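Content type mmCIF, C-alpha atoms and all ligand atoms, from the file input-v3.cif:
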data_query
loop_
_atom_site.group_PDB
_atom_site.id
_atom_site.type_symbol
_atom_site.label_atom_id
_atom_site.label_comp_id
_atom_site.auth_asym_id
_atom_site.auth_seq_id
_atom_site.Cartn_x
_atom_site.Cartn_y
_atom_site.Cartn_z
ATOM 1 C CA MET A 23 -36.883 65.775 -108.926
ATOM 2 C CA ASN A 24 -34.120 63.949 -110.768
ATOM 3 C CA ARG A 25 -34.863 63.462 -114.434
ATOM 4 C CA ILE A 26 -34.676 59.914 -115.735
ATOM 5 C CA ASN A 27 -32.818 59.389 -118.949
ATOM 6 C CA LYS A 28 -35.293 59.263 -121.869
ATOM 7 C CA ALA A 29 -33.403 56.406 -123.500
ATOM 8 C CA ASP A 30 -33.856 54.308 -120.336
ATOM 9 C CA ILE A 31 -37.592 54.988 -120.265
ATOM 10 C CA LEU A 32 -37.986 54.203 -123.950
ATOM 11 C CA ASN A 33 -35.927 51.072 -123.590
ATOM 12 C CA ALA A 34 -38.203 49.812 -120.794
ATOM 13 C CA TYR A 35 -41.395 50.606 -122.741
ATOM 14 C CA GLU A 36 -40.075 48.842 -125.826
ATOM 15 C CA TRP A 37 -38.835 45.893 -123.780
ATOM 16 C CA ARG A 38 -42.176 45.425 -122.013
ATOM 17 C CA HIS A 39 -44.527 43.050 -123.716
ATOM 18 C CA ALA A 40 -47.538 41.027 -122.670
ATOM 19 C CA CYS A 41 -45.601 38.045 -121.383
ATOM 20 C CA LYS A 42 -47.263 34.744 -122.267
ATOM 21 C CA GLU A 43 -45.221 32.484 -119.999
ATOM 22 C CA PHE A 44 -42.873 33.182 -117.123
ATOM 23 C CA LYS A 45 -39.898 31.276 -115.741
ATOM 24 C CA ALA A 46 -41.701 29.365 -113.045
ATOM 25 C CA ASP A 47 -38.716 29.229 -110.712
ATOM 26 C CA SER A 48 -37.776 32.897 -111.042
ATOM 27 C CA LYS A 49 -39.352 34.931 -108.273
ATOM 28 C CA ILE A 50 -39.495 38.694 -107.935
ATOM 29 C CA SER A 51 -37.799 39.874 -104.774
ATOM 30 C CA GLN A 52 -40.068 40.888 -101.914
ATOM 31 C CA GLU A 53 -38.493 44.331 -101.991
ATOM 32 C CA ASP A 54 -39.307 44.830 -105.692
ATOM 33 C CA PHE A 55 -42.805 43.503 -105.180
ATOM 34 C CA GLU A 56 -43.486 45.885 -102.310
ATOM 35 C CA PHE A 57 -42.020 48.716 -104.351
ATOM 36 C CA LEU A 58 -44.507 47.945 -107.133
ATOM 37 C CA LEU A 59 -47.385 47.903 -104.660
ATOM 38 C CA HIS A 60 -46.221 51.309 -103.528
ATOM 39 C CA ILE A 61 -46.364 52.486 -107.155
ATOM 40 C CA VAL A 62 -49.922 51.176 -107.394
ATOM 41 C CA SER A 63 -50.859 53.091 -104.271
ATOM 42 C CA LEU A 64 -49.421 56.301 -105.731
ATOM 43 C CA SER A 65 -51.584 56.061 -108.849
ATOM 44 C CA PRO A 66 -54.053 58.869 -109.384
ATOM 45 C CA SER A 67 -57.792 58.213 -109.192
ATOM 46 C CA SER A 68 -60.899 60.283 -109.707
ATOM 47 C CA PHE A 69 -61.463 62.475 -106.628
ATOM 48 C CA GLY A 70 -58.678 60.423 -105.015
ATOM 49 C CA MET A 71 -61.209 57.724 -104.151
ATOM 50 C CA GLN A 72 -58.967 54.745 -105.044
ATOM 51 C CA PRO A 73 -62.134 52.705 -105.631
ATOM 52 C CA TYR A 74 -60.350 49.377 -105.917
ATOM 53 C CA GLU A 75 -58.340 46.850 -103.958
ATOM 54 C CA VAL A 76 -55.500 44.659 -105.068
ATOM 55 C CA PHE A 77 -55.691 41.002 -104.114
ATOM 56 C CA VAL A 78 -52.454 39.037 -104.262
ATOM 57 C CA LEU A 79 -53.401 35.512 -105.265
ATOM 58 C CA GLN A 80 -51.165 33.096 -103.377
ATOM 59 C CA ASN A 81 -53.390 30.101 -102.894
ATOM 60 C CA GLU A 82 -52.575 27.324 -105.373
ATOM 61 C CA ASP A 83 -55.972 25.653 -104.925
ATOM 62 C CA LEU A 84 -57.776 28.889 -105.683
ATOM 63 C CA LEU A 85 -55.636 29.365 -108.812
ATOM 64 C CA LYS A 86 -56.530 25.845 -109.939
ATOM 65 C CA GLU A 87 -60.201 26.672 -109.593
ATOM 66 C CA LEU A 88 -59.842 29.955 -111.440
ATOM 67 C CA HIS A 89 -57.665 28.622 -114.250
ATOM 68 C CA PRO A 90 -60.418 27.019 -116.413
ATOM 69 C CA HIS A 91 -62.229 30.368 -116.485
ATOM 70 C CA MET A 92 -59.181 32.422 -117.411
ATOM 71 C CA TRP A 93 -58.609 31.762 -121.086
ATOM 72 C CA GLY A 94 -56.254 34.747 -121.363
ATOM 73 C CA ALA A 95 -53.886 33.401 -118.720
ATOM 74 C CA LYS A 96 -53.477 29.774 -119.646
ATOM 75 C CA LYS A 97 -49.702 29.632 -119.162
ATOM 76 C CA GLN A 98 -49.206 32.760 -117.114
ATOM 77 C CA LEU A 99 -51.238 31.681 -114.108
ATOM 78 C CA PHE A 100 -48.993 28.814 -113.034
ATOM 79 C CA SER A 101 -45.681 30.296 -114.123
ATOM 80 C CA ALA A 102 -45.952 33.850 -112.767
ATOM 81 C CA SER A 103 -44.056 34.917 -109.698
ATOM 82 C CA HIS A 104 -46.978 37.037 -108.477
ATOM 83 C CA ILE A 105 -50.587 37.334 -109.585
ATOM 84 C CA LEU A 106 -52.573 40.413 -108.741
ATOM 85 C CA MET A 107 -56.280 40.899 -109.062
ATOM 86 C CA PHE A 108 -57.715 44.391 -109.262
ATOM 87 C CA ALA A 109 -61.201 44.306 -107.783
ATOM 88 C CA VAL A 110 -63.353 47.408 -107.804
ATOM 89 C CA LYS A 111 -65.737 48.594 -105.183
ATOM 90 C CA LYS A 112 -69.116 48.559 -106.848
ATOM 91 C CA ASP A 113 -71.141 51.239 -105.224
ATOM 92 C CA ILE A 114 -69.166 54.155 -103.901
ATOM 93 C CA THR A 115 -71.613 56.966 -103.264
ATOM 94 C CA ARG A 116 -71.974 59.560 -100.554
ATOM 95 C CA ASN A 117 -73.951 57.151 -98.390
ATOM 96 C CA ASP A 118 -71.252 54.558 -98.493
ATOM 97 C CA LYS A 119 -68.950 54.009 -95.494
ATOM 98 C CA TYR A 120 -65.932 53.728 -97.789
ATOM 99 C CA PHE A 121 -66.655 57.124 -99.338
ATOM 100 C CA GLU A 122 -66.671 58.668 -95.869
ATOM 101 C CA HIS A 123 -63.544 56.782 -94.838
ATOM 102 C CA ILE A 124 -61.538 58.136 -97.780
ATOM 103 C CA MET A 125 -62.851 61.650 -97.419
ATOM 104 C CA VAL A 126 -62.455 61.847 -93.649
ATOM 105 C CA ASP A 127 -59.703 59.435 -92.527
ATOM 106 C CA VAL A 128 -57.514 59.361 -95.628
ATOM 107 C CA GLN A 129 -57.926 62.808 -97.153
ATOM 108 C CA ASP A 130 -58.545 64.603 -93.878
ATOM 109 C CA THR A 131 -61.085 66.822 -95.601
ATOM 110 C CA PRO A 132 -61.841 69.817 -93.349
ATOM 111 C CA LEU A 133 -65.241 69.625 -91.672
ATOM 112 C CA ASP A 134 -66.558 72.779 -93.322
ATOM 113 C CA VAL A 135 -65.954 71.556 -96.878
ATOM 114 C CA ARG A 136 -67.116 67.952 -96.522
ATOM 115 C CA ASP A 137 -70.710 68.619 -97.558
ATOM 116 C CA MET A 138 -69.568 70.618 -100.545
ATOM 117 C CA ARG A 139 -67.340 67.739 -101.598
ATOM 118 C CA ARG A 140 -70.082 65.156 -101.052
ATOM 119 C CA ASP A 141 -72.405 67.255 -103.245
ATOM 120 C CA LEU A 142 -69.767 67.730 -105.915
ATOM 121 C CA ILE A 143 -68.977 64.033 -106.228
ATOM 122 C CA GLU A 144 -72.626 63.051 -106.100
ATOM 123 C CA GLU A 145 -73.474 65.522 -108.828
ATOM 124 C CA TYR A 146 -70.635 64.164 -110.967
ATOM 125 C CA GLN A 147 -71.795 60.595 -110.417
ATOM 126 C CA LYS A 148 -75.348 61.513 -111.385
ATOM 127 C CA THR A 149 -74.600 63.601 -114.442
ATOM 128 C CA GLU A 150 -71.399 62.161 -115.877
ATOM 129 C CA ILE A 151 -71.370 58.602 -114.588
ATOM 130 C CA ASN A 152 -75.147 58.168 -115.007
ATOM 131 C CA MET A 153 -75.351 56.091 -111.854
ATOM 132 C CA LEU A 154 -79.093 56.607 -111.543
ATOM 133 C CA GLU A 155 -79.654 54.974 -114.920
ATOM 134 C CA ASP A 156 -77.607 51.930 -113.906
ATOM 135 C CA HIS A 157 -75.378 51.419 -110.865
ATOM 136 C CA LYS A 158 -73.078 49.293 -113.030
ATOM 137 C CA HIS A 159 -71.784 52.573 -114.434
ATOM 138 C CA LEU A 160 -70.240 53.180 -111.014
ATOM 139 C CA SER A 161 -68.197 49.990 -111.101
ATOM 140 C CA ASP A 162 -67.170 50.719 -114.712
ATOM 141 C CA TRP A 163 -65.981 54.111 -113.522
ATOM 142 C CA ALA A 164 -64.076 52.438 -110.701
ATOM 143 C CA ALA A 165 -62.509 50.007 -113.186
ATOM 144 C CA LYS A 166 -61.173 52.940 -115.196
ATOM 145 C CA GLN A 167 -59.290 54.050 -112.096
ATOM 146 C CA ALA A 168 -57.976 50.535 -111.512
ATOM 147 C CA TYR A 169 -56.634 50.421 -115.074
ATOM 148 C CA ILE A 170 -54.537 53.510 -114.449
ATOM 149 C CA ALA A 171 -52.902 51.723 -111.534
ATOM 150 C CA LEU A 172 -52.496 48.634 -113.702
ATOM 151 C CA GLY A 173 -50.704 50.693 -116.365
ATOM 152 C CA ASN A 174 -48.401 52.294 -113.836
ATOM 153 C CA LEU A 175 -47.662 48.901 -112.331
ATOM 154 C CA MET A 176 -46.630 47.403 -115.679
ATOM 155 C CA SER A 177 -44.526 50.392 -116.721
ATOM 156 C CA SER A 178 -42.698 50.547 -113.424
ATOM 157 C CA ALA A 179 -42.163 46.804 -113.477
ATOM 158 C CA ALA A 180 -40.573 47.148 -116.916
ATOM 159 C CA LEU A 181 -38.290 49.900 -115.618
ATOM 160 C CA LEU A 182 -37.112 47.380 -113.015
ATOM 161 C CA GLY A 183 -36.679 44.650 -115.633
ATOM 162 C CA ILE A 184 -39.751 42.772 -114.411
ATOM 163 C CA ASP A 185 -42.157 41.257 -116.906
ATOM 164 C CA SER A 186 -45.911 41.449 -116.729
ATOM 165 C CA CYS A 187 -49.098 40.500 -118.472
ATOM 166 C CA PRO A 188 -52.424 42.240 -117.959
ATOM 167 C CA ILE A 189 -55.288 39.766 -118.023
ATOM 168 C CA GLU A 190 -58.762 40.663 -119.128
ATOM 169 C CA GLY A 191 -59.315 37.282 -120.712
ATOM 170 C CA PHE A 192 -61.540 35.698 -118.103
ATOM 171 C CA LEU A 193 -65.179 34.792 -117.678
ATOM 172 C CA ALA A 194 -66.287 37.341 -115.129
ATOM 173 C CA GLU A 195 -69.344 35.446 -113.974
ATOM 174 C CA GLU A 196 -67.491 32.183 -113.428
ATOM 175 C CA VAL A 197 -64.490 33.854 -111.822
ATOM 176 C CA THR A 198 -66.788 35.749 -109.482
ATOM 177 C CA LYS A 199 -68.556 32.528 -108.504
ATOM 178 C CA VAL A 200 -65.215 30.930 -107.589
ATOM 179 C CA LEU A 201 -64.157 33.979 -105.581
ATOM 180 C CA VAL A 202 -67.441 34.108 -103.699
ATOM 181 C CA LYS A 203 -67.361 30.368 -103.005
ATOM 182 C CA ASN A 204 -63.875 30.787 -101.560
ATOM 183 C CA LYS A 205 -65.032 33.785 -99.501
ATOM 184 C CA VAL A 206 -62.563 36.132 -101.200
ATOM 185 C CA PHE A 207 -65.166 38.856 -101.499
ATOM 186 C CA ASP A 208 -68.823 39.681 -101.427
ATOM 187 C CA ALA A 209 -70.077 40.032 -105.011
ATOM 188 C CA ASP A 210 -72.560 42.706 -103.923
ATOM 189 C CA LYS A 211 -69.644 44.891 -102.943
ATOM 190 C CA TYR A 212 -66.830 43.954 -105.339
ATOM 191 C CA ALA A 213 -66.332 43.156 -109.019
ATOM 192 C CA VAL A 214 -63.175 41.967 -110.736
ATOM 193 C CA ALA A 215 -61.688 44.498 -113.154
ATOM 194 C CA ALA A 216 -58.502 42.783 -114.323
ATOM 195 C CA PHE A 217 -55.610 40.594 -113.286
ATOM 196 C CA CYS A 218 -51.915 41.206 -113.723
ATOM 197 C CA CYS A 219 -49.243 38.520 -113.728
ATOM 198 C CA LEU A 220 -45.666 39.455 -112.855
ATOM 199 C CA GLY A 221 -42.448 37.533 -113.235
ATOM 200 C CA HIS A 222 -39.572 36.960 -115.611
ATOM 201 C CA ARG A 223 -40.127 35.973 -119.226
ATOM 202 C CA LEU A 224 -39.406 32.401 -120.243
ATOM 203 C CA ASN A 225 -38.995 33.297 -123.920
ATOM 204 C CA SER A 226 -38.411 36.424 -125.976
ATOM 205 C CA PRO A 227 -41.613 37.846 -127.475
ATOM 206 C CA ALA A 228 -42.848 35.714 -130.363
ATOM 207 C CA ARG A 229 -43.067 38.750 -132.626
ATOM 208 C CA GLU A 230 -41.940 42.364 -132.879
ATOM 209 C CA LYS A 231 -44.068 44.968 -131.183
ATOM 210 C CA THR A 232 -46.746 46.382 -133.496
ATOM 211 C CA ARG A 233 -48.266 49.837 -133.093
ATOM 212 C CA LYS A 234 -50.145 52.129 -135.464
ATOM 213 C CA PRO A 235 -48.114 55.189 -136.483
ATOM 214 C CA ILE A 236 -48.203 58.108 -134.068
ATOM 215 C CA THR A 237 -49.739 60.188 -136.889
ATOM 216 C CA GLU A 238 -52.769 57.880 -136.712
ATOM 217 C CA LEU A 239 -52.831 58.090 -132.945
ATOM 218 C CA VAL A 240 -52.576 61.833 -132.403
ATOM 219 C CA ARG A 241 -54.642 64.589 -133.935
ATOM 220 C CA TYR A 242 -53.776 68.246 -133.469
ATOM 221 C CA ILE A 243 -56.923 70.323 -133.522
HETATM 222 C C1 LIG B 1 -56.553 45.570 -120.374
HETATM 223 C C2 LIG B 1 -55.755 44.536 -121.101
HETATM 224 C C3 LIG B 1 -56.119 43.215 -121.038
HETATM 225 C C4 LIG B 1 -55.355 42.226 -121.647
HETATM 226 N N1 LIG B 1 -55.684 40.906 -121.482
HETATM 227 C C5 LIG B 1 -54.829 39.952 -121.938
HETATM 228 C C6 LIG B 1 -55.061 38.585 -121.636
HETATM 229 O O1 LIG B 1 -56.053 38.202 -121.027
HETATM 230 N N2 LIG B 1 -54.142 37.679 -122.032
HETATM 231 C C7 LIG B 1 -53.015 38.050 -122.733
HETATM 232 O O2 LIG B 1 -52.205 37.176 -123.062
HETATM 233 N N3 LIG B 1 -52.797 39.346 -123.063
HETATM 234 C C8 LIG B 1 -53.660 40.306 -122.665
HETATM 235 N N4 LIG B 1 -53.421 41.619 -122.954
HETATM 236 C C9 LIG B 1 -52.231 41.978 -123.718
HETATM 237 C C10 LIG B 1 -52.496 42.626 -125.063
HETATM 238 O O3 LIG B 1 -52.937 41.687 -125.981
HETATM 239 C C11 LIG B 1 -51.200 43.318 -125.502
HETATM 240 O O4 LIG B 1 -50.883 44.317 -124.571
HETATM 241 C C12 LIG B 1 -51.282 43.928 -126.886
HETATM 242 O O5 LIG B 1 -51.460 42.929 -127.857
HETATM 243 C C13 LIG B 1 -50.009 44.705 -127.227
HETATM 244 O O6 LIG B 1 -48.860 43.910 -127.106
HETATM 245 P P1 LIG B 1 -47.671 44.231 -126.093
HETATM 246 O O7 LIG B 1 -48.287 44.531 -124.754
HETATM 247 O O8 LIG B 1 -46.870 42.959 -126.049
HETATM 248 O O9 LIG B 1 -46.914 45.389 -126.629
HETATM 249 C C14 LIG B 1 -54.211 42.610 -122.395
HETATM 250 C C15 LIG B 1 -53.868 43.958 -122.478
HETATM 251 C C16 LIG B 1 -54.609 44.898 -121.828
HETATM 252 C C17 LIG B 1 -54.171 46.333 -121.866
#
Kindly return the structure encoded in the file as structure tokens.
Amino acid sequence: MNRINKADILNAYEWRHACKEFKADSKISQEDFEFLLHIVSLSPSSFGMQPYEVFVLQNEDLLKELHPHMWGAKKQLFSASHILMFAVKKDITRNDKYFEHIMVDVQDTPLDVRDMRRDLIEEYQKTEINMLEDHKHLSDWAAKQAYIALGNLMSSAALLGIDSCPIEGFLAEEVTKVLVKNKVFDADKYAVAAFCCLGHRLNSPAREKTRKPITELVRYI
């Protein structure tokens, strides 16, 4: 593994900001975009379940319908080069086909340990995720995994000099209605976690980055 220069990493993290408007005519190359999707796919997830999918929103009419319900993306939505939507799978449990697909086809889990693994994950979902109390806890858990991928996406984009903005500023119910109406997904199976716009900044950030001191962030115990 080649080490990356710390100054280069720091520079990218300081350069990254939540971009409010992109240069509308400045597109990310297909190669860079596919590279970033590869980064997303390499992101870690609990039990390796990758309980989310990334939708690349390319349809202008769909964006127009979504726009009124996305107050956090007023300028980003029509100026970004690429818009990604992280949608989580709502109900991944041992009885779910997707669960089996990941365990068997993707992870190639040996036959003799599959039941043990099913039990382990189910036990975790019952005790730690509290899925029996409310199945929504399962999609919240899935969203946590999606956010890791979102973070990796934005950091890697910055390392490539690509701007981004994570978008949580949307009305989930309205956005879901639009997506269902347009047959993007089945709301019984999917829920939107977050969006991410990518592109090249139109303007420099309006203000300096603000962060609490690391002494307030970290406690040694
Ligand atoms: C999960 C998440 C959701 C966010 N949603 C929005 C959003 O809807 N619209 C927006 O302009 N910024 C959004 N932001 C950006 C934050 O406001 C921003 O990251 C924070 O103020 C720190 O600024 P910086 O990223 O420029 O350093 C979001 C950030 C995160 C992590």
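Interatomic distance, CA of Leu79 (chain A) to CA of Pro188 (chain A): 14.4 Å.
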Problem set entry | Nearby residues, (-69.5, 43.2, -103.5) file frame, 12 Å, only C-alpha atoms, as a ChimeraX atom specification | /A:74-75,109-114,158,161,198-199,201-202,205-214
For this session: Would you mind listing the residues within 7 Å of ligand LIG 1 (chain B), counting all atoms listed in the file, as a PyMOL selection string?
Result: chain A and resi 38-42+93-95+187-192+216+231-232
Mind dumping a table of every region 49-74 of chain A residue within 9 Å of region 120-128 of chain A, with the nearest atom pair and its distance in Å to one decimal, using all atoms listed in the file, sorted by chain and rising number, as CSV?
residue,atom,partner,partner_atom,distance
A:Gly70,CA,A:Ile124,CA,8.1
A:Met71,CA,A:Ile124,CA,6.4
A:Gln72,CA,A:Ile124,CA,8.4
A:Pro73,CA,A:Tyr120,CA,8.8
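Using all atoms listed in the file, the nearest neighbour of Ser186 (chain A) within the list A:Phe217, A:Phe57, A:Tyr242, A:Trp163 is A:Phe217.
Distance annotation: of A:Pro227, A:Phe44, A:Lys119, A:Asp137, the residue with the minimal separation from Lys96 (chain A) is A:Phe44; atom set is only C-alpha atoms.
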For this session: Compile the contact shell of region 170-176 of chain A as a PyMOL selection string: residues with an atom at most 7 Å away, counting only C-alpha atoms, same-chain residues fewer than 2 positions apart removed.
Result: chain A and resi 58+61-62+65+166-168+178-180+186
The selected residues should be written to file as a short mmCIF file (atom, residue, chain, number, x, y, z; two decimals), in the coordinates of the input (atoms: C-alpha atoms).
data_model
loop_
_atom_site.label_atom_id
_atom_site.label_comp_id
_atom_site.auth_asym_id
_atom_site.auth_seq_id
_atom_site.Cartn_x
_atom_site.Cartn_y
_atom_site.Cartn_z
CA LEU A 58 -44.51 47.94 -107.13
CA ILE A 61 -46.36 52.49 -107.16
CA VAL A 62 -49.92 51.18 -107.39
CA SER A 65 -51.58 56.06 -108.85
CA LYS A 166 -61.17 52.94 -115.20
CA GLN A 167 -59.29 54.05 -112.10
CA ALA A 168 -57.98 50.54 -111.51
CA SER A 178 -42.70 50.55 -113.42
CA ALA A 179 -42.16 46.80 -113.48
CA ALA A 180 -40.57 47.15 -116.92
CA SER A 186 -45.91 41.45 -116.73
#
Exercise. What is the distance, in Å and to one decimal place, between CA of His60 (chain A) and CA of Val76 (chain A)?
Worked result: 11.5 Å
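Picture a line from CA of His104 (chain A) to CA of Tyr169 (chain A); it runs 17.8 Å.
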